[in-house]
Amino acid sequence: MKMLSRYACRAPHHAMAFQYQRKASRRFLPAAVINQSSQTSCSYYSSISSIDVAERTKRLLDAKTQSGLTYDELASKLGVTNTYAAQLLLGQAKLTKETAVKLQEALPSASPEDVHEMQSTYPMRSFDEQILKEPNVYRTYEAITHYGEAIKSIINEQCGDGIMSAIDFYCDVGTTTGKHGERRVVITFNGKFLPHIEQKMDDSTAKSPRD
């Protein structure tokens with residue numbers, strides 16, 4: 001097992017495996033979900049290794065650092081939102097052929113092998129519950145859950161009975177200045193409205209058998 005594997009233990013390939021902690025050597029390495037027992041236990045998806053993706057993410061983030069680009073600047077070069085640019089580097093989104101060319105130009109130190117792998121593999125989109133212990137993530141989660149019922153009520157009132165898609169979806173993070181001069185965070189969710197349907201039998205193309 002590779003030395004890096006102990007830092008990616010018990011972590012899905014894209015969530016906690018992509019957090020970084022400062023070690024005594026001042027190098028950043030993927031942080032592990034610390035097992036409550038003293039034993040080390042690593043888990044993998046059947047088709048994707050969390051360790052491989054964590055290592056690739058480390059290399060891509062190093063390439064971003066070497067480029068000197070912010071996520072806004074990288075997103076502008078790729079023609080995507082800043083959160084989607086981050087998702088690409090973190091292994092949470094699939095890289096298209098068109099965007100791959102732009103990414104290689106924007107991050108010249110990224111290896112062609114990593115860029116190819118980002119196109120050829122399909123992300124396993126989920127998260128490790130341990131990430132909710134990170135204060136920034138938790139407060140965002142708390143805001144969504146606290147305002148969740150109000151948000152649902154307004155969506156229903158304005159759009160009808162349905163939900164906001166998280167697939168046909170855009171997310172952008174920015175900042176603004178408040179009236180007292182304080183810096184404020186602005187997160188925009190822009191998702192397609194998906195109405196719940198009435199399940200008419202005549203419209204069903206795959207009816208269940210009746211014995």
# chains A, B, ... in the order shown; residues from 1 in each chain; ligands from 1
>>> select_by_dssp(residues="segment 45-117 of chain A", states="alpha helix (DSSP H)", output="number ranges by chain")
A: 50-67, 71-78, 82-89, 97-106, 112-117
>>> write_last_selection(atoms="C-alpha atoms", output="PDB file, in the first residue's frame")
ATOM      1  CA  SER A  50     -10.056   6.861  -2.865  1.00  0.00           C
ATOM      2  CA  ILE A  51      -6.279   6.894  -2.598  1.00  0.00           C
ATOM      3  CA  ASP A  52      -5.706   7.326  -6.337  1.00  0.00           C
ATOM      4  CA  VAL A  53      -8.162  10.205  -6.551  1.00  0.00           C
ATOM      5  CA  ALA A  54      -6.757  11.851  -3.413  1.00  0.00           C
ATOM      6  CA  GLU A  55      -3.260  11.691  -4.887  1.00  0.00           C
ATOM      7  CA  ARG A  56      -4.474  13.119  -8.189  1.00  0.00           C
ATOM      8  CA  THR A  57      -6.276  15.919  -6.367  1.00  0.00           C
ATOM      9  CA  LYS A  58      -3.080  16.778  -4.483  1.00  0.00           C
ATOM     10  CA  ARG A  59      -1.197  17.038  -7.776  1.00  0.00           C
ATOM     11  CA  LEU A  60      -3.913  19.174  -9.384  1.00  0.00           C
ATOM     12  CA  LEU A  61      -4.088  21.544  -6.420  1.00  0.00           C
ATOM     13  CA  ASP A  62      -0.305  21.841  -6.544  1.00  0.00           C
ATOM     14  CA  ALA A  63      -0.595  22.705 -10.248  1.00  0.00           C
ATOM     15  CA  LYS A  64      -3.179  25.381  -9.406  1.00  0.00           C
ATOM     16  CA  THR A  65      -0.848  26.827  -6.762  1.00  0.00           C
ATOM     17  CA  GLN A  66       2.033  26.879  -9.228  1.00  0.00           C
ATOM     18  CA  SER A  67      -0.129  28.679 -11.781  1.00  0.00           C
ATOM     19  CA  TYR A  71     -10.609  29.838  -8.595  1.00  0.00           C
ATOM     20  CA  ASP A  72     -12.332  32.840 -10.192  1.00  0.00           C
ATOM     21  CA  GLU A  73      -9.444  33.237 -12.631  1.00  0.00           C
ATOM     22  CA  LEU A  74      -9.322  29.525 -13.395  1.00  0.00           C
ATOM     23  CA  ALA A  75     -13.091  29.450 -13.895  1.00  0.00           C
ATOM     24  CA  SER A  76     -12.861  32.369 -16.322  1.00  0.00           C
ATOM     25  CA  LYS A  77     -10.266  30.524 -18.405  1.00  0.00           C
ATOM     26  CA  LEU A  78     -12.373  27.350 -18.417  1.00  0.00           C
ATOM     27  CA  ASN A  82     -15.896  28.999  -9.779  1.00  0.00           C
ATOM     28  CA  THR A  83     -17.426  26.163  -7.766  1.00  0.00           C
ATOM     29  CA  TYR A  84     -17.463  23.917 -10.837  1.00  0.00           C
ATOM     30  CA  ALA A  85     -13.787  24.669 -11.418  1.00  0.00           C
ATOM     31  CA  ALA A  86     -13.114  23.572  -7.834  1.00  0.00           C
ATOM     32  CA  GLN A  87     -15.290  20.485  -8.301  1.00  0.00           C
ATOM     33  CA  LEU A  88     -13.210  19.453 -11.304  1.00  0.00           C
ATOM     34  CA  LEU A  89      -9.963  19.590  -9.323  1.00  0.00           C
ATOM     35  CA  LYS A  97     -12.830  17.132 -23.924  1.00  0.00           C
ATOM     36  CA  GLU A  98     -13.331  20.806 -24.768  1.00  0.00           C
ATOM     37  CA  THR A  99     -12.641  21.984 -21.222  1.00  0.00           C
ATOM     38  CA  ALA A 100      -9.666  19.628 -20.889  1.00  0.00           C
ATOM     39  CA  VAL A 101      -7.751  21.630 -23.512  1.00  0.00           C
ATOM     40  CA  LYS A 102      -8.415  24.834 -21.581  1.00  0.00           C
ATOM     41  CA  LEU A 103      -7.448  23.212 -18.283  1.00  0.00           C
ATOM     42  CA  GLN A 104      -4.123  22.000 -19.638  1.00  0.00           C
ATOM     43  CA  GLU A 105      -3.374  25.517 -20.907  1.00  0.00           C
ATOM     44  CA  ALA A 106      -4.419  27.108 -17.599  1.00  0.00           C
ATOM     45  CA  PRO A 112      -1.486  14.946 -19.306  1.00  0.00           C
ATOM     46  CA  GLU A 113      -2.140  11.617 -17.569  1.00  0.00           C
ATOM     47  CA  ASP A 114      -4.151  13.306 -14.807  1.00  0.00           C
ATOM     48  CA  VAL A 115      -6.083  15.419 -17.299  1.00  0.00           C
ATOM     49  CA  HIS A 116      -6.853  12.309 -19.354  1.00  0.00           C
ATOM     50  CA  GLU A 117      -8.022  10.431 -16.264  1.00  0.00           C
TER      51      GLU A 117
END
>>> select_by_dssp(residues="segment 30-206 of chain A", states="strand (DSSP E)", output="ChimeraX atom specification")
/A:30,162-177,183-195
>>> write_last_selection(atoms="N, CA, C and O atoms", output="compact mmCIF listing (two decimals), in the first residue's frame")
# COMPACT_ATOMS: atom_id res chain seq x y z
N PRO A 30 -3.42 14.80 2.02
CA PRO A 30 -4.84 14.54 2.22
C PRO A 30 -5.11 14.07 3.64
O PRO A 30 -4.45 13.18 4.14
N GLY A 162 -42.90 20.79 -6.68
CA GLY A 162 -41.70 20.23 -7.30
C GLY A 162 -40.46 20.58 -6.50
O GLY A 162 -40.54 21.01 -5.36
N ILE A 163 -39.31 20.41 -7.13
CA ILE A 163 -38.03 20.61 -6.47
C ILE A 163 -37.07 21.37 -7.37
O ILE A 163 -37.30 21.50 -8.58
N MET A 164 -35.99 21.86 -6.78
CA MET A 164 -34.90 22.44 -7.56
C MET A 164 -33.90 21.35 -7.90
O MET A 164 -33.44 20.61 -7.01
N SER A 165 -33.56 21.23 -9.16
CA SER A 165 -32.57 20.24 -9.58
C SER A 165 -31.19 20.61 -9.06
O SER A 165 -30.82 21.79 -9.01
N ALA A 166 -30.42 19.60 -8.69
CA ALA A 166 -29.02 19.80 -8.34
C ALA A 166 -28.12 19.23 -9.44
O ALA A 166 -26.90 19.13 -9.26
N ILE A 167 -28.74 18.86 -10.58
CA ILE A 167 -27.98 18.36 -11.73
C ILE A 167 -27.98 19.40 -12.84
O ILE A 167 -26.92 19.81 -13.33
N ASP A 168 -29.17 19.86 -13.25
CA ASP A 168 -29.24 21.02 -14.15
C ASP A 168 -29.14 22.23 -13.23
O ASP A 168 -30.14 22.85 -12.85
N PHE A 169 -27.91 22.57 -12.86
CA PHE A 169 -27.69 23.39 -11.68
C PHE A 169 -26.38 24.17 -11.82
O PHE A 169 -25.40 23.67 -12.36
N TYR A 170 -26.41 25.40 -11.36
CA TYR A 170 -25.21 26.24 -11.33
C TYR A 170 -25.03 26.77 -9.92
O TYR A 170 -26.00 27.18 -9.26
N CYS A 171 -23.78 26.76 -9.44
CA CYS A 171 -23.47 27.31 -8.12
C CYS A 171 -22.30 28.26 -8.27
O CYS A 171 -21.31 27.94 -8.93
N ASP A 172 -22.43 29.44 -7.67
CA ASP A 172 -21.38 30.45 -7.77
C ASP A 172 -21.18 31.07 -6.40
O ASP A 172 -22.15 31.34 -5.68
N VAL A 173 -19.92 31.27 -6.02
CA VAL A 173 -19.61 31.88 -4.74
C VAL A 173 -18.90 33.21 -4.98
O VAL A 173 -17.93 33.28 -5.73
N GLY A 174 -19.42 34.24 -4.35
CA GLY A 174 -18.82 35.56 -4.50
C GLY A 174 -18.84 36.32 -3.19
O GLY A 174 -19.18 35.77 -2.14
N THR A 175 -18.47 37.57 -3.23
CA THR A 175 -18.49 38.42 -2.05
C THR A 175 -19.08 39.78 -2.39
O THR A 175 -19.08 40.20 -3.55
N THR A 176 -19.56 40.44 -1.37
CA THR A 176 -20.04 41.80 -1.52
C THR A 176 -19.69 42.56 -0.25
O THR A 176 -19.22 41.97 0.73
N THR A 177 -19.89 43.87 -0.28
CA THR A 177 -19.59 44.69 0.89
C THR A 177 -20.88 45.18 1.51
O THR A 177 -21.75 45.75 0.83
N ARG A 183 -17.20 42.56 4.91
CA ARG A 183 -17.21 41.66 3.77
C ARG A 183 -18.27 40.59 3.99
O ARG A 183 -18.38 40.02 5.08
N ARG A 184 -19.05 40.31 2.95
CA ARG A 184 -20.13 39.35 3.07
C ARG A 184 -20.02 38.32 1.95
O ARG A 184 -19.58 38.62 0.83
N VAL A 185 -20.39 37.08 2.27
CA VAL A 185 -20.33 35.97 1.31
C VAL A 185 -21.68 35.83 0.62
O VAL A 185 -22.72 35.85 1.27
N VAL A 186 -21.64 35.66 -0.69
CA VAL A 186 -22.87 35.46 -1.47
C VAL A 186 -22.75 34.13 -2.21
O VAL A 186 -21.85 33.94 -3.03
N ILE A 187 -23.65 33.21 -1.92
CA ILE A 187 -23.68 31.91 -2.60
C ILE A 187 -24.97 31.84 -3.41
O ILE A 187 -26.06 31.99 -2.86
N THR A 188 -24.85 31.62 -4.71
CA THR A 188 -26.01 31.56 -5.59
C THR A 188 -26.25 30.14 -6.07
O THR A 188 -25.35 29.52 -6.64
N PHE A 189 -27.44 29.62 -5.80
CA PHE A 189 -27.89 28.35 -6.36
C PHE A 189 -28.86 28.67 -7.49
O PHE A 189 -29.84 29.38 -7.30
N ASN A 190 -28.59 28.11 -8.66
CA ASN A 190 -29.44 28.35 -9.83
C ASN A 190 -29.78 26.99 -10.43
O ASN A 190 -29.02 26.44 -11.22
N GLY A 191 -30.91 26.42 -10.01
CA GLY A 191 -31.28 25.08 -10.45
C GLY A 191 -32.61 25.07 -11.21
O GLY A 191 -33.52 25.83 -10.89
N LYS A 192 -32.70 24.19 -12.16
CA LYS A 192 -33.94 24.03 -12.93
C LYS A 192 -35.05 23.50 -12.02
O LYS A 192 -34.82 22.63 -11.18
N PHE A 193 -36.25 24.04 -12.19
CA PHE A 193 -37.39 23.55 -11.42
C PHE A 193 -37.91 22.27 -12.05
O PHE A 193 -38.15 22.20 -13.26
N LEU A 194 -38.07 21.24 -11.22
CA LEU A 194 -38.56 19.94 -11.69
C LEU A 194 -39.90 19.65 -11.01
O LEU A 194 -39.94 19.37 -9.80
N PRO A 195 -41.00 19.71 -11.75
CA PRO A 195 -42.31 19.47 -11.13
C PRO A 195 -42.54 17.98 -10.88
O PRO A 195 -42.10 17.13 -11.65
